[in-house]
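One file, protein33.pdb, is given below (PDB, C-alpha atoms).
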ATOM      1  CA  MET A   3     122.633  85.216  76.110
ATOM      2  CA  SER A   4     124.904  85.037  73.087
ATOM      3  CA  ASP A   5     122.518  82.634  71.397
ATOM      4  CA  GLN A   6     119.722  85.152  71.606
ATOM      5  CA  PRO A   7     119.209  86.089  67.947
ATOM      6  CA  VAL A   8     117.743  82.725  67.030
ATOM      7  CA  PRO A   9     115.250  82.447  69.888
ATOM      8  CA  ALA A  10     114.368  86.060  69.456
ATOM      9  CA  SER A  11     113.228  85.486  65.916
ATOM     10  CA  SER A  12     111.229  82.499  67.075
ATOM     11  CA  GLU A  13     109.751  84.612  69.796
ATOM     12  CA  THR A  14     108.678  87.571  67.728
ATOM     13  CA  PRO A  15     106.118  85.592  65.655
ATOM     14  CA  GLY A  16     104.318  84.979  68.911
ATOM     15  CA  ALA A  17     104.342  88.673  69.707
ATOM     16  CA  ALA A  18     102.118  91.084  67.799
ATOM     17  CA  PRO A  19     104.646  93.275  65.984
ATOM     18  CA  ALA A  20     106.206  90.391  64.041
ATOM     19  CA  PRO A  21     105.329  91.761  60.579
ATOM     20  CA  VAL A  22     107.061  95.001  61.414
ATOM     21  CA  ALA A  23     110.273  93.060  61.466
ATOM     22  CA  ALA A  24     110.206  93.015  57.665
ATOM     23  CA  PRO A  25     111.388  96.610  57.168
ATOM     24  CA  ALA A  26     114.360  95.885  59.293
ATOM     25  CA  PRO A  27     116.856  98.216  57.633
ATOM     26  CA  SER A  28     114.711 101.295  58.227
ATOM     27  CA  ALA A  29     113.856 100.362  61.754
ATOM     28  CA  PRO A  30     117.143 101.228  63.425
ATOM     29  CA  ARG A  31     116.671 104.870  62.500
ATOM     30  CA  HIS A  32     113.202 104.864  63.955
ATOM     31  CA  GLU A  33     114.538 103.510  67.158
ATOM     32  CA  GLY A  34     116.183 106.738  68.041
ATOM     33  CA  HIS A  35     113.071 108.852  67.520
ATOM     34  CA  SER A  36     110.193 106.651  68.489
ATOM     35  CA  GLY A  37     111.505 105.650  71.821
ATOM     36  CA  GLY A  38     108.021 104.869  73.086
ATOM     37  CA  HIS A  39     107.521 101.819  70.888
ATOM     38  CA  ARG A  40     109.623  99.328  72.651
ATOM     39  CA  SER A  41     108.715  96.192  70.779
ATOM     40  CA  GLU A  42     109.130  97.755  67.350
ATOM     41  CA  GLY A  43     112.439  99.228  68.209
ATOM     42  CA  HIS A  44     113.690  95.916  69.425
ATOM     43  CA  SER A  45     112.538  93.884  66.498
ATOM     44  CA  GLY A  46     114.068  96.356  64.083
ATOM     45  CA  GLY A  47     117.345  96.789  65.797
ATOM     46  CA  GLY A  48     117.626  93.133  66.619
ATOM     47  CA  ALA A  49     120.936  92.503  64.988
ATOM     48  CA  PRO A  50     122.920  95.425  66.353
ATOM     49  CA  ARG A  51     121.535  95.435  69.869
ATOM     50  CA  ARG A  52     121.158  92.138  71.484
ATOM     51  CA  GLU A  53     120.753  93.577  74.928
ATOM     52  CA  GLY A  54     117.573  95.185  73.836
ATOM     53  CA  PHE A  55     116.177  91.771  73.178
ATOM     54  CA  SER A  56     116.930  90.414  76.557
ATOM     55  CA  GLY A  57     115.198  93.432  77.991
ATOM     56  CA  GLY A  58     112.218  92.866  75.757
ATOM     57  CA  GLY A  59     112.036  89.210  76.665
ATOM     58  CA  GLY A  60     111.782  90.000  80.320
ATOM     59  CA  GLY A  61     109.373  92.809  79.591
ATOM     60  CA  GLY A  62     106.381  91.181  81.156
ATOM     61  CA  GLN A  63     108.146  90.584  84.419
ATOM     62  CA  ARG A  64     109.865  93.906  84.384
ATOM     63  CA  ARG A  65     106.680  95.841  84.107
ATOM     64  CA  GLU A  66     105.348  94.105  87.168
ATOM     65  CA  GLY A  67     108.453  94.651  89.183
ATOM     66  CA  GLY A  68     109.590  98.036  88.003
ATOM     67  CA  GLY A  69     106.270  99.727  87.388
ATOM     68  CA  PRO A  70     105.152 100.229  90.978
ATOM     69  CA  GLY A  71     108.665 101.121  91.994
ATOM     70  CA  GLY A  72     108.318 104.364  90.119
ATOM     71  CA  SER A  73     111.891 105.315  90.869
ATOM     72  CA  GLY A  74     112.543 105.693  87.149
ATOM     73  CA  GLY A  75     112.266 109.432  87.616
ATOM     74  CA  GLY A  76     115.937 109.736  88.455
ATOM     75  CA  PRO A  77     117.535 107.689  85.703
ATOM     76  CA  GLY A  78     116.353 109.683  82.721
ATOM     77  CA  GLY A  79     119.111 108.198  80.614
ATOM     78  CA  PRO A  80     117.678 104.723  80.141
ATOM     79  CA  ARG A  81     114.232 106.082  79.400
ATOM     80  CA  ARG A  82     115.526 108.274  76.609
ATOM     81  CA  GLY A  83     116.581 105.162  74.775
ATOM     82  CA  GLY A  84     113.045 103.860  75.099
ATOM     83  CA  LYS A  85     113.967 100.896  77.201
ATOM     84  CA  ARG A  86     115.011 100.160  80.684
ATOM     85  CA  GLN A  87     117.235  97.218  80.324
ATOM     86  CA  TYR A  88     117.987  96.402  83.915
ATOM     87  CA  PHE A  89     115.889  93.717  85.434
ATOM     88  CA  ARG A  90     114.542  94.484  88.855
ATOM     89  CA  LYS A  91     114.101  91.611  91.206
ATOM     90  CA  LYS A  92     110.712  91.393  92.787
ATOM     91  CA  LYS A  93     111.071  92.427  96.382
ATOM     92  CA  VAL A  94     109.499  90.245  99.009
ATOM     93  CA  CYS A  95     108.571  91.332 102.489
ATOM     94  CA  ARG A  96     111.277  90.060 104.766
ATOM     95  CA  PHE A  97     108.887  89.691 107.658
ATOM     96  CA  CYS A  98     106.374  87.698 105.647
ATOM     97  CA  VAL A  99     109.079  85.270 104.601
ATOM     98  CA  GLU A 100     110.050  84.717 108.195
ATOM     99  CA  ARG A 101     106.414  84.729 109.316
ATOM    100  CA  VAL A 102     106.861  87.442 111.880
ATOM    101  CA  ASP A 103     103.749  88.141 113.928
ATOM    102  CA  PHE A 104     105.229  90.718 116.204
ATOM    103  CA  ILE A 105     108.058  93.129 115.635
ATOM    104  CA  ASP A 106     109.918  93.698 118.869
ATOM    105  CA  TYR A 107     110.992  97.274 119.426
ATOM    106  CA  LYS A 108     113.605  96.139 121.921
ATOM    107  CA  LYS A 109     115.751  94.535 119.251
ATOM    108  CA  ALA A 110     117.218  97.721 117.916
ATOM    109  CA  ASP A 111     119.826  95.960 115.824
ATOM    110  CA  MET A 112     117.039  94.167 113.998
ATOM    111  CA  LEU A 113     115.321  97.457 113.193
ATOM    112  CA  GLN A 114     118.544  99.086 112.082
ATOM    113  CA  PRO A 115     118.394  97.943 108.435
ATOM    114  CA  PHE A 116     115.027  99.681 108.043
ATOM    115  CA  VAL A 117     116.354 103.030 109.114
ATOM    116  CA  GLN A 118     118.467 105.395 107.074
ATOM    117  CA  GLU A 119     121.784 106.604 108.328
ATOM    118  CA  ARG A 120     120.217 109.848 109.418
ATOM    119  CA  GLY A 121     117.580 107.957 111.344
ATOM    120  CA  LYS A 122     114.705 108.168 108.879
ATOM    121  CA  ILE A 123     112.425 105.199 108.432
ATOM    122  CA  LEU A 124     113.014 103.671 105.021
ATOM    123  CA  PRO A 125     109.993 103.685 102.728
ATOM    124  CA  ARG A 126     108.317 100.510 101.661
ATOM    125  CA  ARG A 127     109.416 100.913  98.069
ATOM    126  CA  MET A 128     113.015 100.614  99.187
ATOM    127  CA  THR A 129     112.731  97.673 101.515
ATOM    128  CA  GLY A 130     109.877  95.766  99.917
ATOM    129  CA  THR A 131     108.082  95.348 103.218
ATOM    130  CA  CYS A 132     104.372  94.630 102.951
ATOM    131  CA  SER A 133     101.963  97.264 104.189
ATOM    132  CA  ARG A 134     100.993  95.434 107.334
ATOM    133  CA  HIS A 135     104.539  94.787 108.407
ATOM    134  CA  GLN A 136     105.577  98.297 107.505
ATOM    135  CA  ARG A 137     102.908  99.556 109.866
ATOM    136  CA  TRP A 138     104.174  97.374 112.671
ATOM    137  CA  LEU A 139     107.719  98.269 111.832
ATOM    138  CA  GLY A 140     107.010 101.978 111.983
ATOM    139  CA  GLU A 141     105.465 101.547 115.379
ATOM    140  CA  ALA A 142     108.406  99.523 116.633
ATOM    141  CA  ILE A 143     110.921 102.042 115.347
ATOM    142  CA  LYS A 144     109.077 104.893 117.007
ATOM    143  CA  ARG A 145     109.016 103.062 120.307
ATOM    144  CA  ALA A 146     112.680 102.291 120.041
ATOM    145  CA  ARG A 147     113.373 105.934 119.329
ATOM    146  CA  ASN A 148     111.466 107.004 122.369
ATOM    147  CA  ILE A 149     113.645 104.989 124.684
ATOM    148  CA  ALA A 150     116.898 106.013 123.010
ATOM    149  CA  LEU A 151     117.558 102.703 121.291
ATOM    150  CA  LEU A 152     117.309 104.345 117.878
ATOM    151  CA  PRO A 153     118.058 107.948 116.981
ATOM    152  CA  PHE A 154     115.454 110.489 115.926
ATOM    153  CA  ALA A 155     118.171 112.108 113.886
ATOM    154  CA  THR A 156     121.903 111.721 114.028
ATOM    155  CA  GLU A 157     123.720 114.334 115.996
ATOM    156  CA  LEU A 158     126.732 116.215 114.839
TER     157      LEU A 158
ATOM    158  CA  MET B  11      89.259  92.232 134.958
ATOM    159  CA  GLU B  12      91.341  91.161 132.221
ATOM    160  CA  GLU B  13      95.034  90.870 132.795
ATOM    161  CA  ARG B  14      97.257  93.321 131.015
ATOM    162  CA  VAL B  15     100.869  93.027 130.057
ATOM    163  CA  TYR B  16     103.257  95.939 130.156
ATOM    164  CA  ASP B  17     106.815  96.500 129.125
ATOM    165  CA  LEU B  18     108.690  98.907 131.321
ATOM    166  CA  ILE B  19     112.126 100.138 130.371
ATOM    167  CA  PHE B  20     114.022 102.724 132.304
ATOM    168  CA  ILE B  21     117.444 104.224 131.899
ATOM    169  CA  LEU B  22     119.669 105.171 134.798
ATOM    170  CA  ARG B  23     122.651 107.426 134.852
ATOM    171  CA  PRO B  24     125.729 105.395 133.935
ATOM    172  CA  ALA B  25     127.426 106.328 137.199
ATOM    173  CA  THR B  26     124.652 104.872 139.352
ATOM    174  CA  PRO B  27     126.133 102.498 141.942
ATOM    175  CA  GLU B  28     125.019  98.885 141.981
ATOM    176  CA  ASP B  29     123.214  99.196 145.345
ATOM    177  CA  GLU B  30     121.203 102.093 144.032
ATOM    178  CA  ILE B  31     120.056 100.036 141.066
ATOM    179  CA  ASN B  32     119.074  97.180 143.333
ATOM    180  CA  LYS B  33     117.197  99.560 145.564
ATOM    181  CA  ILE B  34     115.203 101.030 142.702
ATOM    182  CA  ILE B  35     114.281  97.614 141.394
ATOM    183  CA  ALA B  36     113.282  96.507 144.874
ATOM    184  CA  THR B  37     111.014  99.505 145.409
ATOM    185  CA  LEU B  38     109.344  98.915 142.072
ATOM    186  CA  GLU B  39     108.779  95.307 142.989
ATOM    187  CA  THR B  40     107.205  96.123 146.322
ATOM    188  CA  SER B  41     104.932  98.756 144.873
ATOM    189  CA  THR B  42     103.764  96.439 142.089
ATOM    190  CA  ALA B  43     103.055  93.773 144.661
ATOM    191  CA  GLU B  44     101.059  96.276 146.710
ATOM    192  CA  HIS B  45      98.865  97.023 143.746
ATOM    193  CA  GLY B  46      98.267  93.400 142.958
ATOM    194  CA  GLY B  47     100.610  93.261 139.992
ATOM    195  CA  LYS B  48     103.448  90.930 139.264
ATOM    196  CA  ILE B  49     106.858  91.477 137.719
ATOM    197  CA  GLU B  50     107.348  88.483 135.485
ATOM    198  CA  LYS B  51     110.812  89.308 134.335
ATOM    199  CA  THR B  52     113.567  91.745 135.178
ATOM    200  CA  GLU B  53     116.494  92.145 132.852
ATOM    201  CA  ARG B  54     119.524  94.326 133.300
ATOM    202  CA  TRP B  55     120.815  95.207 129.896
ATOM    203  CA  GLY B  56     123.732  97.006 131.434
ATOM    204  CA  THR B  57     125.361 100.160 130.225
ATOM    205  CA  ARG B  58     124.522 100.875 126.615
ATOM    206  CA  ARG B  59     125.153 103.713 124.292
ATOM    207  CA  LEU B  60     122.168 105.986 123.898
ATOM    208  CA  ALA B  61     121.080 106.872 120.396
ATOM    209  CA  TYR B  62     120.905 110.514 121.419
ATOM    210  CA  ARG B  63     121.843 112.606 124.404
ATOM    211  CA  VAL B  64     119.550 112.267 127.383
ATOM    212  CA  ALA B  65     120.117 114.584 130.331
ATOM    213  CA  LYS B  66     123.591 115.257 128.978
ATOM    214  CA  HIS B  67     124.486 111.572 129.033
ATOM    215  CA  ARG B  68     125.552 109.549 126.046
ATOM    216  CA  GLU B  69     125.344 106.256 127.864
ATOM    217  CA  GLY B  70     122.848 104.778 130.239
ATOM    218  CA  PHE B  71     122.154 101.723 132.316
ATOM    219  CA  PHE B  72     119.068  99.989 130.931
ATOM    220  CA  VAL B  73     116.668  97.961 133.024
ATOM    221  CA  TYR B  74     113.785  96.095 131.435
ATOM    222  CA  MET B  75     110.741  94.712 133.246
ATOM    223  CA  LEU B  76     107.775  92.696 132.092
ATOM    224  CA  ILE B  77     104.766  93.371 134.253
ATOM    225  CA  HIS B  78     101.453  91.567 134.472
ATOM    226  CA  SER B  79      98.635  93.376 136.147
ATOM    227  CA  THR B  80      94.900  93.621 136.174
ATOM    228  CA  GLN B  81      94.971  97.234 137.246
ATOM    229  CA  GLY B  82      96.226 100.089 135.169
ATOM    230  CA  ASP B  83      96.811 102.263 138.213
ATOM    231  CA  ILE B  84      99.959 100.372 138.877
ATOM    232  CA  ILE B  85     101.626 102.043 135.919
ATOM    233  CA  LYS B  86     100.802 105.451 137.258
ATOM    234  CA  GLU B  87     102.414 104.565 140.544
ATOM    235  CA  LEU B  88     105.535 103.076 138.963
ATOM    236  CA  GLU B  89     106.023 106.016 136.664
ATOM    237  CA  ARG B  90     105.613 108.419 139.559
ATOM    238  CA  ARG B  91     108.349 106.581 141.444
ATOM    239  CA  LEU B  92     110.655 106.651 138.433
ATOM    240  CA  LYS B  93     110.011 110.318 137.896
ATOM    241  CA  VAL B  94     110.869 111.122 141.483
ATOM    242  CA  ASN B  95     114.151 109.251 141.382
ATOM    243  CA  ASP B  96     117.087 111.369 140.270
ATOM    244  CA  ALA B  97     119.086 108.459 138.934
ATOM    245  CA  VAL B  98     116.435 107.670 136.333
ATOM    246  CA  ILE B  99     116.895 109.730 133.213
ATOM    247  CA  LYS B 100     114.277 108.120 130.970
ATOM    248  CA  TYR B 101     111.512 105.566 131.186
ATOM    249  CA  GLN B 102     108.894 104.114 128.913
ATOM    250  CA  THR B 103     105.926 101.876 129.583
ATOM    251  CA  ILE B 104     104.163 100.095 126.764
ATOM    252  CA  ARG B 105     101.005  98.089 126.960
ATOM    253  CA  LEU B 106     101.611  94.891 125.097
ATOM    254  CA  ASP B 107      98.666  92.601 125.702
ATOM    255  CA  GLU B 108      96.733  93.605 122.607
ATOM    256  CA  GLU B 109      99.687  92.978 120.392
ATOM    257  CA  LEU B 110     100.344  89.660 122.049
ATOM    258  CA  LYS B 111      96.713  88.787 121.486
ATOM    259  CA  ARG B 112      97.052  89.674 117.836
ATOM    260  CA  GLN B 113     100.197  87.608 117.602
ATOM    261  CA  LYS B 114      98.454  84.624 119.134
ATOM    262  CA  LYS B 115      95.541  85.041 116.759
ATOM    263  CA  LEU B 116      97.781  85.133 113.713
ATOM    264  CA  GLN B 117      99.677  82.109 114.913
ATOM    265  CA  GLY B 118      96.397  80.297 115.378
ATOM    266  CA  HIS B 119      95.351  81.209 111.858
ATOM    267  CA  ARG B 120      98.581  79.940 110.469
ATOM    268  CA  GLU B 121      98.396  76.651 112.279
ATOM    269  CA  ARG B 122      94.839  76.103 111.194
ATOM    270  CA  ARG B 123      95.736  76.877 107.612
ATOM    271  CA  ALA B 124      98.707  74.565 107.794
ATOM    272  CA  SER B 125      96.547  71.754 109.074
ATOM    273  CA  ARG B 126      93.993  72.399 106.359
ATOM    274  CA  ARG B 127      96.488  72.580 103.525
ATOM    275  CA  PRO B 128      96.917  68.846 102.851
ATOM    276  CA  ARG B 129      93.299  68.642 101.779
ATOM    277  CA  LYS B 130      93.654  71.559  99.385
ATOM    278  CA  GLN B 131      96.472  70.042  97.400
ATOM    279  CA  ALA B 132      94.038  68.706  94.832
ATOM    280  CA  SER B 133      93.412  72.154  93.329
ATOM    281  CA  PRO B 134      96.693  73.801  92.424
ATOM    282  CA  PRO B 135      96.055  73.888  88.617
ATOM    283  CA  ALA B 136      94.465  77.310  88.916
ATOM    284  CA  PRO B 137      97.561  79.085  90.228
ATOM    285  CA  ALA B 138      99.788  76.980  87.985
ATOM    286  CA  ALA B 139      98.108  78.134  84.771
ATOM    287  CA  PRO B 140      99.090  81.815  84.877
ATOM    288  CA  GLN B 141     102.651  80.841  85.611
ATOM    289  CA  GLN B 142     103.009  78.926  82.402
ATOM    290  CA  PRO B 143     103.479  81.901  80.063
ATOM    291  CA  PHE B 144     106.830  82.642  81.615
ATOM    292  CA  PRO B 145     108.574  79.256  81.376
ATOM    293  CA  PRO B 146     107.911  78.874  77.614
ATOM    294  CA  ALA B 147     109.366  82.310  77.077
ATOM    295  CA  GLU B 148     112.510  81.325  78.913
ATOM    296  CA  GLN B 149     112.888  77.911  77.341
ATOM    297  CA  PRO B 150     113.654  79.128  73.827
ATOM    298  CA  ALA B 151     116.201  81.490  75.250
ATOM    299  CA  ALA B 152     117.912  78.578  76.972
ATOM    300  CA  SER B 153     117.974  76.370  73.885
TER     301      SER B 153
END

If you took the structure in this file and wrote it as structure tokens, what would it be?
Amino acid sequence: MSDQPVPASSETPGAAPAPVAAPAPSAPRHEGHSGGHRSEGHSGGGAPRREGFSGGGGGGQRREGGGPGGSGGGPGGPRRGGKRQYFRKKKVCRFCVERVDFIDYKKADMLQPFVQERGKILPRRMTGTCSRHQRWLGEAIKRARNIALLPFATEL
Amino acid sequence: MEERVYDLIFILRPATPEDEINKIIATLETSTAEHGGKIEKTERWGTRRLAYRVAKHREGFFVYMLIHSTQGDIIKELERRLKVNDAVIKYQTIRLDEELKRQKKLQGHRERRASRRPRKQASPPAPAAPQQPFPPAEQPAAS
């Protein structure tokens, strides 16, 4: 990561906004105002903010992973700066990985991680479950609730 | 008629004596047999904590049964018997055969695909191509 400045300069020619890198001294000021232009802000403020570069480098992947998540509503702070630096790992459906064809409602301890503390079913965007398995999972959780293996809501 | 598979779980009061439990299970067995069904499996899960209060109990004795039957009437009869019994505080019957069928189908698909895969190995360049943009981007960062 510390060696970033050199590769970054080699990377920017590939990217479109390379010429913008020329007015480097003026760019840092722009960064504060024009938060929307990520790539420009990064290329300009390359020297002072290295972290910005690492974020920009992973931009392609981040957009895929973070875009659908949509949970950026809460953290307004990072968006103000015009960049979300954290890298979100792509979530994979746990059931698809294990090739589960049937989710057993009798194994309540297996369903537990997909339920909130208050007993709510966790949404897909939190767990990364695929739509098909989420459907099966919801069914299993509801069955388990019915026979008192899982709570509908926690009691006082 | 097609055979159906059912899951039957019922919960007894935690203070139910052992003989009583045996008696209930025995009556269920006889009545399934009368209706031409078969109890494939009976499991006693023992006393477990309930996730919520049922009939003022926080614990219950769980009994699980796997039933095969060609007639759906059997479930009506079993549930009636459970409802009548005072020791039973909760029961649930679930028809499972369609899900088991789906499971079998998916397993079949997977096996067929797995057996077909060796032939397909000749054409992975297509998925490999879109992946390339990422490695070059990482390589300069590593150097």

Please identify all residues of chain A having at least one atom at most 6 Å from any atom of chain B, considering all atoms listed in the file, and return them as a JSON list (two decimals) with C-alpha atoms, in the frame of the given file.
[["chain", "number", "residue", "atom", "x", "y", "z"],
["A", 9, "PRO", "CA", 115.25, 82.45, 69.89],
["A", 103, "ASP", "CA", 103.75, 88.14, 113.93],
["A", 150, "ALA", "CA", 116.90, 106.01, 123.01],
["A", 151, "LEU", "CA", 117.56, 102.70, 121.29],
["A", 152, "LEU", "CA", 117.31, 104.34, 117.88],
["A", 153, "PRO", "CA", 118.06, 107.95, 116.98]]

Give me, as a PDB file with C-alpha atoms, in the frame of the given file, all polymer residues having an atom no more than 6 Å from Tyr16 of chain B, counting all atoms listed in the file and skipping those fewer than 2 positions away in the same chain.
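Saved file out-v7.pdb follows:
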ATOM      1  CA  LEU B  76     107.775  92.696 132.092  1.00  0.00           C
ATOM      2  CA  ILE B  77     104.766  93.371 134.253  1.00  0.00           C
ATOM      3  CA  ILE B 104     104.163 100.095 126.764  1.00  0.00           C
ATOM      4  CA  ARG B 105     101.005  98.089 126.960  1.00  0.00           C
ATOM      5  CA  LEU B 106     101.611  94.891 125.097  1.00  0.00           C
TER       6      LEU B 106
END

Could you state the separation of atom CA of Ser133 of chain A and atom CA of Val94 of chain A in Å, given to one decimal place?
->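 One can read the atom CA of Ser133 of chain A to atom CA of Val94 of chain A distance as 11.5 Å.
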
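Here atom CA of Gln118 of chain A is placed at a distance of 25.1 Å from atom CA of Trp55 of chain B.
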
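Residue nearest Asp106 of chain A, chosen from A:Ile143, A:Thr156, A:Phe89, A:Arg120 and counting only C-alpha atoms: A:Ile143.
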
Record the distance separating atom CA of Glu50 of chain B and atom CA of Leu38 of chain B, expressed in Å with one decimal.
->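 Calculated distance between atom CA of Glu50 of chain B and atom CA of Leu38 of chain B is 12.5 Å.
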